[in-house]
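data-v7.txt, holding compact mmCIF, C-alpha atoms and all ligand atoms:
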```
# COMPACT_ATOMS: atom_id res chain seq x y z
CA MET A 898 -212.39 95.08 77.37
CA SER A 899 -212.42 96.09 73.73
CA ILE A 900 -215.89 97.02 72.49
CA PHE A 901 -215.26 94.74 69.51
CA ASN A 902 -214.93 91.74 71.75
CA GLU A 903 -217.55 92.51 74.39
CA LYS A 904 -219.89 90.04 72.74
CA GLY A 905 -217.16 87.47 72.19
CA THR A 906 -216.65 87.90 68.47
CA LEU A 907 -212.89 87.44 68.79
CA ARG A 908 -213.15 84.84 71.53
CA LYS A 909 -212.11 81.84 69.44
CA ILE A 910 -208.97 83.38 68.03
CA GLY A 911 -208.11 85.09 71.33
CA GLU A 912 -208.47 81.95 73.44
CA ARG A 913 -206.42 79.85 71.06
CA LEU A 914 -203.57 82.32 70.81
CA THR A 915 -203.54 83.05 74.53
CA ASP A 916 -203.38 79.32 75.35
CA ILE A 917 -200.52 78.82 72.97
CA LEU A 918 -198.52 81.76 74.25
CA VAL A 919 -199.03 80.83 77.89
CA ASN A 920 -198.03 77.21 77.30
CA ASN A 921 -195.01 77.99 75.10
CA PRO A 922 -193.06 80.81 76.66
CA LYS A 923 -190.08 79.92 74.47
CA ILE A 924 -190.00 81.16 70.91
CA ASP A 925 -189.30 78.21 68.64
CA GLU A 926 -190.65 76.46 65.54
CA ASN A 927 -193.22 74.65 67.67
CA LEU A 928 -194.66 77.92 68.82
CA MET A 929 -194.73 79.27 65.28
CA ASP A 930 -196.54 76.16 64.02
CA ASP A 931 -199.10 76.43 66.80
CA ILE A 932 -199.76 80.10 66.08
CA GLU A 933 -200.19 79.35 62.40
CA GLU A 934 -202.65 76.57 63.16
CA ALA A 935 -204.63 78.80 65.53
CA LEU A 936 -204.96 81.49 62.87
CA VAL A 937 -206.17 79.05 60.22
CA MET A 938 -208.73 77.61 62.65
CA SER A 939 -210.12 81.09 63.36
CA ASP A 940 -211.65 81.86 59.95
CA ILE A 941 -208.44 83.41 58.66
CA ASN A 942 -207.59 81.92 55.29
CA LEU A 943 -204.28 80.35 54.32
CA ASP A 944 -202.98 83.24 52.30
CA THR A 945 -203.63 85.83 55.01
CA THR A 946 -202.27 83.47 57.65
CA GLU A 947 -199.05 83.06 55.70
CA LYS A 948 -198.75 86.80 55.40
CA ILE A 949 -199.19 87.23 59.15
CA MET A 950 -196.62 84.50 59.88
CA GLU A 951 -194.09 86.02 57.54
CA MET A 952 -194.46 89.41 59.19
CA LEU A 953 -194.25 87.82 62.63
CA ARG A 954 -191.02 85.97 61.81
CA HIS A 955 -189.60 89.19 60.45
CA ASP A 956 -190.56 91.12 63.61
CA ILE A 957 -189.15 88.44 65.89
CA LYS A 958 -185.85 88.70 64.06
CA VAL A 959 -185.47 92.46 63.72
CA LYS A 960 -186.97 93.35 67.10
CA TYR A 961 -185.08 90.57 68.93
CA ILE A 962 -188.35 89.34 70.41
CA LYS A 963 -187.60 86.86 73.17
CA ASP A 964 -190.81 86.29 75.12
CA SER A 965 -194.38 85.48 74.33
CA GLU A 966 -195.74 88.74 75.74
CA ASP A 967 -193.86 90.54 72.98
CA VAL A 968 -195.12 88.03 70.41
CA LYS A 969 -198.61 89.03 71.49
CA LYS A 970 -197.81 92.71 70.99
CA ALA A 971 -196.26 91.99 67.59
CA LEU A 972 -199.34 90.02 66.49
CA ILE A 973 -201.68 92.85 67.48
CA GLU A 974 -199.55 95.30 65.53
CA ILE A 975 -199.31 93.08 62.46
CA ILE A 976 -203.04 92.34 62.29
CA SER A 977 -203.84 95.98 62.94
CA LYS A 978 -201.63 96.98 60.01
CA LEU A 979 -203.21 94.36 57.77
CA ILE A 980 -206.80 95.54 58.36
CA ASP A 981 -206.07 99.27 58.42
CA LYS A 982 -206.80 100.93 55.08
CA GLY A 983 -205.64 104.36 56.23
CA GLU A 984 -207.48 107.33 54.73
CA ARG A 985 -210.15 105.06 53.28
CA GLN A 986 -211.12 103.76 56.71
CA LYS A 987 -213.61 106.50 57.54
CA LEU A 988 -216.86 107.30 55.79
CA ILE A 989 -216.58 110.39 53.58
CA ASP A 990 -217.35 113.49 55.61
CA GLU A 991 -218.36 115.81 52.77
CA TYR A 992 -221.86 116.66 51.69
CA PRO A 993 -224.07 116.09 49.81
CA LEU A 994 -223.24 112.43 50.15
CA ILE A 995 -224.97 109.48 48.51
CA ILE A 996 -224.47 106.01 49.94
CA LEU A 997 -225.43 102.94 47.94
CA VAL A 998 -225.85 99.92 50.22
CA ILE A 999 -225.57 96.47 48.66
CA GLY A 1000 -225.35 92.88 49.82
CA ILE A 1001 -227.41 89.69 49.91
CA ASN A 1002 -230.88 89.49 51.46
CA GLY A 1003 -230.91 89.00 55.18
CA GLY A 1004 -227.41 90.34 55.60
CA GLY A 1005 -228.55 93.41 57.47
CA LYS A 1006 -228.68 96.15 54.83
CA THR A 1007 -231.93 97.81 55.85
CA THR A 1008 -231.09 97.65 59.55
CA SER A 1009 -227.62 99.06 58.94
CA ILE A 1010 -229.11 101.88 56.85
CA ALA A 1011 -231.40 102.79 59.74
CA LYS A 1012 -228.44 102.76 62.12
CA LEU A 1013 -226.38 104.94 59.78
CA ALA A 1014 -229.29 107.35 59.35
CA LYS A 1015 -229.56 107.60 63.11
CA LYS A 1016 -225.84 108.43 63.35
CA PHE A 1017 -226.17 111.20 60.78
CA LYS A 1018 -229.30 112.58 62.44
CA ASP A 1019 -227.51 112.63 65.79
CA GLU A 1020 -224.79 114.70 64.12
CA GLY A 1021 -227.43 117.16 62.94
CA ARG A 1022 -227.39 116.05 59.29
CA SER A 1023 -230.51 115.80 57.16
CA VAL A 1024 -231.15 112.35 55.71
CA ILE A 1025 -233.34 110.85 52.98
CA LEU A 1026 -233.68 107.11 52.48
CA ALA A 1027 -234.38 105.54 49.08
CA ALA A 1028 -236.27 102.24 49.12
CA ALA A 1029 -234.64 100.83 46.00
CA ASP A 1030 -235.22 97.24 47.10
CA THR A 1031 -238.38 97.10 45.04
CA TYR A 1032 -238.56 93.31 44.75
CA ARG A 1033 -240.49 92.76 47.94
CA ALA A 1034 -243.20 95.09 49.23
CA ALA A 1035 -242.11 94.21 52.76
CA ALA A 1036 -238.69 95.69 52.08
CA SER A 1037 -239.84 99.27 51.54
CA LYS A 1038 -242.30 98.95 54.39
CA GLN A 1039 -239.49 97.93 56.70
CA LEU A 1040 -237.41 100.90 55.59
CA GLU A 1041 -240.39 103.20 56.05
CA GLU A 1042 -240.82 102.05 59.62
CA TRP A 1043 -237.17 102.66 60.36
CA GLY A 1044 -237.43 106.05 58.67
CA LYS A 1045 -240.20 107.03 61.08
CA LYS A 1046 -238.15 105.91 64.06
CA VAL A 1047 -235.03 107.84 63.10
CA GLY A 1048 -236.84 110.82 61.58
CA ALA A 1049 -235.76 110.41 57.97
CA ARG A 1050 -238.00 110.75 54.93
CA VAL A 1051 -238.31 107.61 52.82
CA ILE A 1052 -238.78 107.73 49.05
CA LYS A 1053 -240.51 104.62 47.74
CA HIS A 1054 -242.34 103.28 44.72
CA LYS A 1055 -244.67 100.38 44.17
CA GLU A 1056 -243.33 96.84 44.38
CA GLY A 1057 -241.70 95.65 41.17
CA THR A 1058 -240.78 99.04 39.77
CA ASP A 1059 -237.32 99.93 38.50
CA PRO A 1060 -234.99 100.55 41.47
CA SER A 1061 -233.16 103.23 39.46
CA ALA A 1062 -236.41 105.21 39.23
CA VAL A 1063 -236.62 105.28 43.03
CA ILE A 1064 -233.05 106.53 43.19
CA TYR A 1065 -233.83 109.15 40.56
CA ASP A 1066 -236.74 110.47 42.63
CA ALA A 1067 -234.75 110.35 45.84
CA ILE A 1068 -231.98 112.40 44.22
CA GLN A 1069 -234.47 115.03 43.07
CA ALA A 1070 -235.93 115.20 46.60
CA SER A 1071 -232.44 115.47 48.10
CA LYS A 1072 -231.49 118.26 45.72
CA ALA A 1073 -234.74 120.17 46.28
CA ASN A 1074 -234.34 119.98 50.04
CA LYS A 1075 -230.56 120.40 50.09
CA THR A 1076 -230.37 117.17 52.05
CA ASP A 1077 -226.95 116.19 53.38
CA VAL A 1078 -227.14 112.44 53.04
CA LEU A 1079 -229.08 110.12 50.73
CA ILE A 1080 -228.85 106.43 51.64
CA CYS A 1081 -230.11 103.90 49.07
CA ASP A 1082 -231.32 100.46 50.05
CA THR A 1083 -231.06 97.83 47.30
CA ALA A 1084 -232.16 94.26 46.62
CA GLY A 1085 -229.43 91.69 47.06
CA ARG A 1086 -229.85 89.40 44.13
CA LEU A 1087 -226.55 87.66 43.88
CA GLN A 1088 -228.19 84.59 42.28
CA ASN A 1089 -228.14 86.40 38.99
CA LYS A 1090 -224.83 88.13 38.66
CA THR A 1091 -225.41 89.58 35.20
CA ASN A 1092 -228.70 91.17 36.25
CA LEU A 1093 -227.20 92.47 39.44
CA MET A 1094 -224.35 94.02 37.52
CA LYS A 1095 -226.71 95.64 35.03
CA GLU A 1096 -228.90 96.96 37.80
CA LEU A 1097 -225.94 98.44 39.66
CA GLU A 1098 -224.64 99.97 36.46
CA LYS A 1099 -227.98 101.60 35.81
CA MET A 1100 -228.21 102.99 39.34
CA ASN A 1101 -224.69 104.36 39.05
CA ARG A 1102 -225.51 105.94 35.70
CA VAL A 1103 -228.49 107.71 37.24
CA ILE A 1104 -226.33 108.97 40.09
CA ASP A 1105 -223.58 110.06 37.65
CA ARG A 1106 -226.04 111.98 35.55
CA GLU A 1107 -228.35 113.42 38.21
CA TYR A 1108 -226.16 114.01 41.23
CA GLN A 1109 -222.73 115.06 40.07
CA GLU A 1110 -222.25 117.33 43.04
CA ALA A 1111 -222.59 114.46 45.51
CA LYS A 1112 -219.76 112.46 47.04
CA ARG A 1113 -220.20 108.71 46.73
CA GLU A 1114 -219.90 105.64 48.92
CA THR A 1115 -220.77 102.09 47.90
CA LEU A 1116 -220.95 99.91 50.97
CA LEU A 1117 -221.19 96.13 51.02
CA VAL A 1118 -223.05 94.64 53.97
CA ILE A 1119 -221.72 91.27 55.08
CA ASP A 1120 -223.18 88.98 57.74
CA ALA A 1121 -220.30 87.70 59.89
CA THR A 1122 -222.19 84.62 61.03
CA THR A 1123 -221.97 83.11 57.54
CA GLY A 1124 -218.25 82.42 57.92
CA LYS A 1125 -216.56 81.31 54.71
CA ASN A 1126 -219.64 82.31 52.74
CA ALA A 1127 -219.05 85.89 53.82
CA ILE A 1128 -215.69 85.76 52.11
CA ASN A 1129 -217.27 84.47 48.88
CA GLN A 1130 -219.81 87.29 48.96
CA ALA A 1131 -217.07 89.86 49.32
CA GLU A 1132 -215.41 88.38 46.27
CA GLU A 1133 -218.59 88.31 44.16
CA PHE A 1134 -219.74 91.83 45.03
CA ASN A 1135 -216.24 93.20 44.69
CA ASP A 1136 -216.37 91.88 41.11
CA VAL A 1137 -219.57 93.71 40.18
CA ALA A 1138 -219.30 96.95 42.16
CA GLU A 1139 -216.70 99.54 42.97
CA LEU A 1140 -216.88 99.11 46.70
CA THR A 1141 -215.61 101.89 48.93
CA GLY A 1142 -216.19 99.99 52.13
CA MET A 1143 -217.97 97.33 54.11
CA ILE A 1144 -220.24 96.99 57.08
CA ILE A 1145 -219.85 93.67 58.88
CA THR A 1146 -223.05 92.82 60.71
CA LYS A 1147 -224.03 90.42 63.49
CA LEU A 1148 -220.63 90.40 65.13
CA ASP A 1149 -222.64 90.08 68.36
CA GLY A 1150 -223.94 86.67 67.39
CA THR A 1151 -220.74 84.95 66.41
CA ALA A 1152 -217.20 84.17 67.48
CA ARG A 1153 -216.16 84.49 63.85
CA GLY A 1154 -214.56 87.91 63.98
CA GLY A 1155 -211.57 86.37 62.23
CA ILE A 1156 -213.32 86.69 58.88
CA ALA A 1157 -212.98 90.48 59.17
CA ILE A 1158 -209.22 90.04 58.99
CA THR A 1159 -209.34 87.81 55.91
CA ILE A 1160 -211.81 89.94 53.97
CA THR A 1161 -210.00 93.23 54.47
CA ASP A 1162 -206.68 91.68 53.62
CA GLN A 1163 -207.79 89.64 50.60
CA TYR A 1164 -209.97 92.26 48.95
CA ASP A 1165 -208.35 95.45 50.20
CA ILE A 1166 -211.72 96.91 51.21
CA PRO A 1167 -211.92 98.86 54.45
CA ILE A 1168 -214.48 97.84 57.04
CA LYS A 1169 -216.08 101.14 58.02
CA TYR A 1170 -218.66 99.97 60.55
CA VAL A 1171 -219.68 96.83 62.37
CA GLY A 1172 -223.14 95.84 63.57
CA ILE A 1173 -223.36 94.50 67.11
CA GLY A 1174 -227.10 94.11 67.57
CA GLU A 1175 -230.56 94.80 66.19
CA GLY A 1176 -231.09 98.17 67.85
CA MET A 1177 -230.73 101.60 66.32
CA ASP A 1178 -227.53 102.35 68.20
CA ASP A 1179 -225.86 99.01 67.59
CA LEU A 1180 -223.45 100.20 64.94
CA ILE A 1181 -219.89 101.12 65.79
CA GLU A 1182 -217.10 102.62 63.80
CA PHE A 1183 -214.43 100.09 62.94
CA ILE A 1184 -211.11 101.15 64.47
CA PRO A 1185 -208.46 98.67 63.23
CA LYS A 1186 -206.16 99.14 66.20
CA ASP A 1187 -208.97 98.52 68.70
CA PHE A 1188 -210.24 95.51 66.78
CA ALA A 1189 -206.79 93.90 66.68
CA GLY A 1190 -206.30 94.70 70.37
CA GLY A 1191 -209.63 93.01 71.07
CA ILE A 1192 -208.10 89.67 70.14
CA PHE A 1193 -206.33 89.67 73.48
CA ASP A 1194 -209.04 91.74 75.15
CA GLU A 1195 -206.81 94.76 75.37
N1 LIG A 1201 -227.86 90.35 66.05
C1 LIG A 1201 -227.84 91.18 65.00
N2 LIG A 1201 -228.83 91.14 64.11
C2 LIG A 1201 -228.78 91.99 63.06
C3 LIG A 1201 -227.70 92.90 62.87
N3 LIG A 1201 -227.94 93.59 61.74
C4 LIG A 1201 -229.12 93.13 61.24
N4 LIG A 1201 -229.63 92.16 62.03
C5 LIG A 1201 -230.87 91.38 61.84
O1 LIG A 1201 -230.77 90.63 60.63
C6 LIG A 1201 -232.03 90.48 60.02
C7 LIG A 1201 -231.97 90.92 58.56
O2 LIG A 1201 -231.71 92.31 58.51
P1 LIG A 1201 -232.17 93.26 57.32
O3 LIG A 1201 -231.69 94.61 57.65
O4 LIG A 1201 -233.63 93.11 57.07
O5 LIG A 1201 -231.35 92.62 56.12
P2 LIG A 1201 -231.43 92.97 54.54
O6 LIG A 1201 -232.27 91.90 53.92
O7 LIG A 1201 -230.02 92.89 54.06
O8 LIG A 1201 -232.01 94.33 54.41
C8 LIG A 1201 -233.01 91.31 60.85
O9 LIG A 1201 -233.72 90.45 61.72
C9 LIG A 1201 -232.09 92.24 61.63
O10 LIG A 1201 -232.66 92.64 62.86
C10 LIG A 1201 -226.64 92.91 63.86
O11 LIG A 1201 -225.64 93.64 63.77
N5 LIG A 1201 -226.77 92.03 64.88
MG MG A 1202 -233.69 94.92 53.33
```
Encoded form (structure tokens):
Amino acid sequence: MSIFNEKGTLRKIGERLTDILVNNPKIDENLMDDIEEALVMSDINLDTTEKIMEMLRHDIKVKYIKDSEDVKKALIEIISKLIDKGERQKLIDEYPLIILVIGINGGGKTTSIAKLAKKFKDEGRSVILAAADTYRAAASKQLEEWGKKVGARVIKHKEGTDPSAVIYDAIQASKANKTDVLICDTAGRLQNKTNLMKELEKMNRVIDREYQEAKRETLLVIDATTGKNAINQAEEFNDVAELTGMIITKLDGTARGGIAITITDQYDIPIKYVGIGEGMDDLIEFIPKDFAGGIFDE
């Protein structure tokens, strides 16, 4: 079974499509209507669904597809193509690297940062974490605890200080220690878009000025269990930040894996990792082909 579907995240969409294909071995308009309906009911939006259907009709015609087993194969291929952003799929593998992690509160930023730090540490990379979510004292404490667990130093300031100042200090520490990776936690204040934008701009200015030698990633963390809301968040954050990728969290707690397909298609942002639990090792690389195959448990 595909690792992406072990916890049932693609169950809804998989069950619907499998039922339809088993019950309609003949390829006709009925079948096409049913497939379309199944996609829409699985957290895939209308626009993306139409795109998938158009590609499917095209494949059926040019590949002379005659049976539902081949429809299944075509669907896997189409969805895989839609969510695969090629070169941009993988996290940059050049160092020093600075990763800015953004997203709304409770989405799983801090946990995902800990998981990422653990991955880097396992690869033998040095890691510093910047506690730039300075709005709640609990936030930097949480990051500090994770830092201890994964063996990464945490740079923090007092509650309420300027997040850019934390990033400034963390950059100086990273430069002084020739640290490979600096991961910055941030506060997710989407309620006030103008402030958020200003804050992000300031952080980016500090990075531009102080850490020119570093490669950059800006990752948006999205909680899959929020369904349609997740799609709105992608839109809002995509407006205010130059996102290089996403981490979709809590795919273990939901059958709403379909939103991953919509988000990557609609906003052209690669999903780089997915969270499948609360533990340190519960972060897996997003492989489009495997994810699409997971729809039919292949
Ligand atoms: N089941 C599950 N829970 C997660 C995952 N990622 C984060 N969480 C939980 O979501 C909650 C919020 O996470 P946190 O990292 O504090 O979110 P932040 O506010 O964005 O920093 C915590 O209870 C985490 O343990 C995941 O992939 N799966
Ligand atoms: Mg946090």
Checklist outcome for this item: Of A:Glu1175, A:Asp940, A:Asp1082, A:Asp1187, the one sitting nearest ligand MG 1202 (chain A) when using only C-alpha atoms and all ligand atoms is A:Asp1082
Next on the checklist: Which residues are near ligand MG 1202 (chain A) in this structure, taking near to mean any atom at most 12 Å from a ligand atom and counting all atoms listed in the file? Format them as a PyMOL selection string.
Outcome noted: chain A and resi 998-1011+1027-1043+1081-1086+1118
Item to check | For ligand LIG 1201 (chain A), the nearest of the candidates A:Ile1192, A:Leu953, A:Ala1062, A:Ile1144, counting all atoms listed in the file | outcome: A:Ile1144
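Using all atoms listed in the file, the nearest neighbour of ligand LIG 1201 (chain A) within the list A:Tyr1170, A:Tyr992, A:Tyr961, A:Phe1183 is A:Tyr1170.
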Item to check | Residues within 9 Å of (-195.1, 92.0, 66.1), file coords, all atoms listed in the file, listed as a PyMOL selection string | outcome: chain A and resi 952-957+960+962+967-976
Limited to C-alpha atoms, could you put the picked residues into a file as an mmCIF file, in the coordinates of the input?
```cif
data_model
loop_
_atom_site.group_PDB
_atom_site.id
_atom_site.type_symbol
_atom_site.label_atom_id
_atom_site.label_comp_id
_atom_site.auth_asym_id
_atom_site.auth_seq_id
_atom_site.Cartn_x
_atom_site.Cartn_y
_atom_site.Cartn_z
ATOM 1 C CA MET A 952 -194.460 89.410 59.190
ATOM 2 C CA LEU A 953 -194.250 87.820 62.630
ATOM 3 C CA ARG A 954 -191.020 85.970 61.810
ATOM 4 C CA HIS A 955 -189.600 89.190 60.450
ATOM 5 C CA ASP A 956 -190.560 91.120 63.610
ATOM 6 C CA ILE A 957 -189.150 88.440 65.890
ATOM 7 C CA LYS A 960 -186.970 93.350 67.100
ATOM 8 C CA ILE A 962 -188.350 89.340 70.410
ATOM 9 C CA ASP A 967 -193.860 90.540 72.980
ATOM 10 C CA VAL A 968 -195.120 88.030 70.410
ATOM 11 C CA LYS A 969 -198.610 89.030 71.490
ATOM 12 C CA LYS A 970 -197.810 92.710 70.990
ATOM 13 C CA ALA A 971 -196.260 91.990 67.590
ATOM 14 C CA LEU A 972 -199.340 90.020 66.490
ATOM 15 C CA ILE A 973 -201.680 92.850 67.480
ATOM 16 C CA GLU A 974 -199.550 95.300 65.530
ATOM 17 C CA ILE A 975 -199.310 93.080 62.460
ATOM 18 C CA ILE A 976 -203.040 92.340 62.290
#
```
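Residue nearest A:Asp1019, chosen from A:Ala1049, A:Ile996, A:Ala1073, A:Met1143 and counting all atoms listed in the file: A:Ala1049.
The space separating atom CA of A:Lys1053 from atom CA of A:Arg1022 comes to 20.9 Å.
Across A:Ala1138, A:Ile1104, A:Leu1013, A:Leu914, the tightest approach to ligand LIG 1201 (chain A) is made by A:Leu1013 when counting only C-alpha atoms and all ligand atoms.
Atom CA of A:Arg1050 to atom CA of A:Ile1025 spans 5.1 Å [interatomic distance, one decimal].
Here atom C4 of ligand LIG 1201 (chain A) and atom CA of A:Arg913 stand 28.1 Å from one another.
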Checklist entry - Using only C-alpha atoms, which residue out of A:Gly1176, A:Gly1044, A:Gly905, A:Gly1124 lies closest to A:Asn942? => result A:Gly1124
Checklist entry - If I put a ball of radius 12 Å at (-218.6, 96.1, 59.9) in the file's coordinates, which residues poke into it when counting only C-alpha atoms, written as a PyMOL selection string? => result chain A and resi 901+980+986-987+1004-1006+1009+1013+1116-1121+1127+1142-1149+1154+1156-1158+1160-1161+1166-1174+1179-1185+1188
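For A:Asp1178, the residues within 8 Å (counting only C-alpha atoms, excluding itself and residues fewer than 4 positions away along the chain) are Lys1012, Lys1015 and Lys1016 of chain A.
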List the neighbours of A:Met1094 out to 10 Å using all atoms listed in the file; skip same-chain residues closer than 5 positions along the sequence, and give me the result as a PDB file with C-alpha atoms, keeping the file's coordinate frame.
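For reference, part34.pdb as written:
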```pdb
ATOM      1  CA  ARG A1086    -229.850  89.400  44.130  1.00  0.00           C
ATOM      2  CA  LEU A1087    -226.550  87.660  43.880  1.00  0.00           C
ATOM      3  CA  ASN A1089    -228.140  86.400  38.990  1.00  0.00           C
ATOM      4  CA  LYS A1099    -227.980 101.600  35.810  1.00  0.00           C
ATOM      5  CA  MET A1100    -228.210 102.990  39.340  1.00  0.00           C
ATOM      6  CA  PHE A1134    -219.740  91.830  45.030  1.00  0.00           C
ATOM      7  CA  ASP A1136    -216.370  91.880  41.110  1.00  0.00           C
ATOM      8  CA  VAL A1137    -219.570  93.710  40.180  1.00  0.00           C
ATOM      9  CA  ALA A1138    -219.300  96.950  42.160  1.00  0.00           C
TER      10      ALA A1138
END
```
Would you mind completing stretch 971-983 of chain A so that it carries N, CA, C and O atoms, and writing it out as a PDB file, in the coordinates of the input?
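Wrote it out as rebuild.pdb, contents follow:
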```
ATOM      1  N   ALA A 971    -196.596  91.974  69.017  1.00  0.00           N
ATOM      2  CA  ALA A 971    -196.260  91.990  67.590  1.00  0.00           C
ATOM      3  C   ALA A 971    -197.468  91.546  66.759  1.00  0.00           C
ATOM      4  O   ALA A 971    -197.780  92.146  65.724  1.00  0.00           O
ATOM      5  N   LEU A 972    -198.170  90.512  67.229  1.00  0.00           N
ATOM      6  CA  LEU A 972    -199.340  90.020  66.490  1.00  0.00           C
ATOM      7  C   LEU A 972    -200.431  91.093  66.390  1.00  0.00           C
ATOM      8  O   LEU A 972    -201.046  91.286  65.336  1.00  0.00           O
ATOM      9  N   ILE A 973    -200.664  91.783  67.486  1.00  0.00           N
ATOM     10  CA  ILE A 973    -201.680  92.850  67.480  1.00  0.00           C
ATOM     11  C   ILE A 973    -201.296  93.911  66.445  1.00  0.00           C
ATOM     12  O   ILE A 973    -202.116  94.360  65.643  1.00  0.00           O
ATOM     13  N   GLU A 974    -200.027  94.271  66.449  1.00  0.00           N
ATOM     14  CA  GLU A 974    -199.550  95.300  65.530  1.00  0.00           C
ATOM     15  C   GLU A 974    -199.677  94.860  64.067  1.00  0.00           C
ATOM     16  O   GLU A 974    -200.117  95.619  63.199  1.00  0.00           O
ATOM     17  N   ILE A 975    -199.285  93.617  63.827  1.00  0.00           N
ATOM     18  CA  ILE A 975    -199.310  93.080  62.460  1.00  0.00           C
ATOM     19  C   ILE A 975    -200.749  93.030  61.930  1.00  0.00           C
ATOM     20  O   ILE A 975    -201.046  93.479  60.818  1.00  0.00           O
ATOM     21  N   ILE A 976    -201.650  92.477  62.732  1.00  0.00           N
ATOM     22  CA  ILE A 976    -203.040  92.340  62.290  1.00  0.00           C
ATOM     23  C   ILE A 976    -203.663  93.720  62.121  1.00  0.00           C
ATOM     24  O   ILE A 976    -204.397  93.986  61.165  1.00  0.00           O
ATOM     25  N   SER A 977    -203.329  94.611  63.029  1.00  0.00           N
ATOM     26  CA  SER A 977    -203.840  95.980  62.940  1.00  0.00           C
ATOM     27  C   SER A 977    -203.411  96.619  61.623  1.00  0.00           C
ATOM     28  O   SER A 977    -204.203  97.266  60.934  1.00  0.00           O
ATOM     29  N   LYS A 978    -202.154  96.407  61.253  1.00  0.00           N
ATOM     30  CA  LYS A 978    -201.630  96.980  60.010  1.00  0.00           C
ATOM     31  C   LYS A 978    -202.342  96.382  58.796  1.00  0.00           C
ATOM     32  O   LYS A 978    -202.663  97.065  57.828  1.00  0.00           O
ATOM     33  N   LEU A 979    -202.588  95.087  58.879  1.00  0.00           N
ATOM     34  CA  LEU A 979    -203.210  94.360  57.770  1.00  0.00           C
ATOM     35  C   LEU A 979    -204.639  94.851  57.492  1.00  0.00           C
ATOM     36  O   LEU A 979    -205.084  94.918  56.348  1.00  0.00           O
ATOM     37  N   ILE A 980    -205.385  95.182  58.542  1.00  0.00           N
ATOM     38  CA  ILE A 980    -206.800  95.540  58.360  1.00  0.00           C
ATOM     39  C   ILE A 980    -207.013  97.054  58.278  1.00  0.00           C
ATOM     40  O   ILE A 980    -208.129  97.496  58.057  1.00  0.00           O
ATOM     41  N   ASP A 981    -205.934  97.815  58.437  1.00  0.00           N
ATOM     42  CA  ASP A 981    -206.070  99.270  58.420  1.00  0.00           C
ATOM     43  C   ASP A 981    -205.856  99.812  57.017  1.00  0.00           C
ATOM     44  O   ASP A 981    -204.779  99.690  56.452  1.00  0.00           O
ATOM     45  N   LYS A 982    -206.893 100.414  56.449  1.00  0.00           N
ATOM     46  CA  LYS A 982    -206.800 100.930  55.080  1.00  0.00           C
ATOM     47  C   LYS A 982    -206.579 102.451  55.068  1.00  0.00           C
ATOM     48  O   LYS A 982    -206.926 103.136  54.104  1.00  0.00           O
ATOM     49  N   GLY A 983    -206.053 102.956  56.159  1.00  0.00           N
ATOM     50  CA  GLY A 983    -205.640 104.360  56.230  1.00  0.00           C
ATOM     51  C   GLY A 983    -206.775 105.348  55.989  1.00  0.00           C
ATOM     52  O   GLY A 983    -207.833 105.260  56.601  1.00  0.00           O
TER      53      GLY A 983
END
```
